[in-house]
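Undergrad: Structure incoming, see below.
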Amino acid sequence: MSSSLSHAASASRTLIAYHALFSVAVLYTFKCSLRSIVLVTLMFASSLTAFFYLIKKNPAVIEARLRPMKIKEMQSWDVIFLAIFLISYVMIFWLASKEGVTIASWWSLPFGAASLIVGFCISVEAMAVNKFFEKTVRIQNDRKHVVIDTGLYAIVRHPGYVGFALIFTGTALIIGSWHALCASCLTIFALFARTEAEDRMLKKHLQGYANYTTRVTKKLIPGVW
């Protein structure tokens, strides 16, 4: 019990530190505009809600995602994808700061907020049922990796990525920049490519996954792909 409390305390400190830095950077970059205030508020509120939900539902996934990445066990293609994610995510804010608000239509802020919130809900629900939801793609033999086919995983095979795609899209819409939206599309393209590569690896190396793909046939979008 004391170990669980220690991990929870460590995770909460990490969460607060990350969002403090994120909020300062965004508010400074966009000069405390309404859109930047909405973004940091939604990000913090969503992350805090997700944290307490996962502490109750699946604390193991929080611990797993806080661990340092096991570089030696990573796939070479995953290193490339993670670099693309990081660069394109930074580009969302950098391009927006250079361009300013270009999606000034009334719909961009509420649609962006809705996309971000729904994205958080989907990704967090995926983590709630999948304790193997780490930052990197690997067969987690050290944690007795098995196929997860409950919850959202009974609908599509990679629901967490659907949530991430909506979060990236929502972020760009809240900021209100077409260039940022293009950068988010780059991130989403990388997510689709990573999904394909991860799926092939799991079929080959994770026992029972090939059979799972015959029951849940779509990777990301029900009835489509």
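Ordering of the structure tokens sets the chain letters (A, B, ...); residue numbers start at 1 within each chain; ligands are numbered from 1 in the order shown.
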For stretch 189-192 of chain A, find every residue with an atom within 7 Å (counting only C-alpha atoms), except residues of its own chain fewer than 3 positions away, and show them as a list of chain:residue names.
TA: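 Neighbouring residues, sequence-local ones excluded: A:Phe81, A:Tyr161, A:Cys185, A:Leu186, A:Thr195, A:Glu196.
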Undergrad: For stretch 138-149 of chain A, list every protein, DNA or RNA residue within 12 Å, evaluated using only C-alpha atoms, and leave out those in the same chain fewer than 6 positions away; present the list as an NGL selection string.
TA: :A and (60-61 or 64 or 69-79 or 126-132 or 155-159 or 197-217)
Undergrad: I'd like to know which of A:Ser46, A:Ser97, A:Ser36, A:Ser12 is closest to A:Ile167, using only C-alpha atoms.
TA: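 Answer, going by the shortest atom-to-atom distance: A:Ser46.
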Undergrad: Between atom CA of A:Ala183 and atom CA of A:Ser123, what is the distance, to one decimal in Å?
TA: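 These two atoms are separated by 20.3 Å.
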Undergrad: Running DSSP on the backbone, which parts of stretch 40-102 of chain A land in alpha helix (DSSP H), as an NGL selection string?
TA: :A and (40-57 or 59-66 or 76-99)
Undergrad: Could you pull the residues within 12 Å of A:Phe168, counting only C-alpha atoms, minus those fewer than 6 positions along the same chain, as a PyMOL selection string?
TA: chain A and resi 39+43+85-86+88-93+112-120+161-162+174-175+180-191
Undergrad: One decimal, Å: what's the distance from atom CA of A:Leu109 over to atom CA of A:Leu42, could you say?
TA: 11.7 Å
Undergrad: Go through A:Lys98, A:Trp106, A:Ser33, A:Phe164 and flag the residue nearest A:Trp178, using only C-alpha atoms for the distances.
TA: A:Lys98
Undergrad: Return the single residue from A:Ala50, A:Leu166, A:Ile87, A:Ala11 that is closest to A:Leu66, with distances computed using only C-alpha atoms.
TA: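 Using only C-alpha atoms, the shortest distance to A:Leu66 belongs to A:Ala11.
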Undergrad: Name the closest residue to A:Thr171 among the candidates A:Pro68, A:Pro110, A:Gly151, A:Pro222; distances are taken between atoms, counting only C-alpha atoms.
TA: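 For A:Thr171, the nearest of the candidates is A:Pro110.
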Undergrad: Please report the interatomic distance between atom CA of A:Arg67 and atom CA of A:Ala83 in Å with one decimal.
TA: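 Between atom CA of A:Arg67 and atom CA of A:Ala83 the gap is 18.3 Å.
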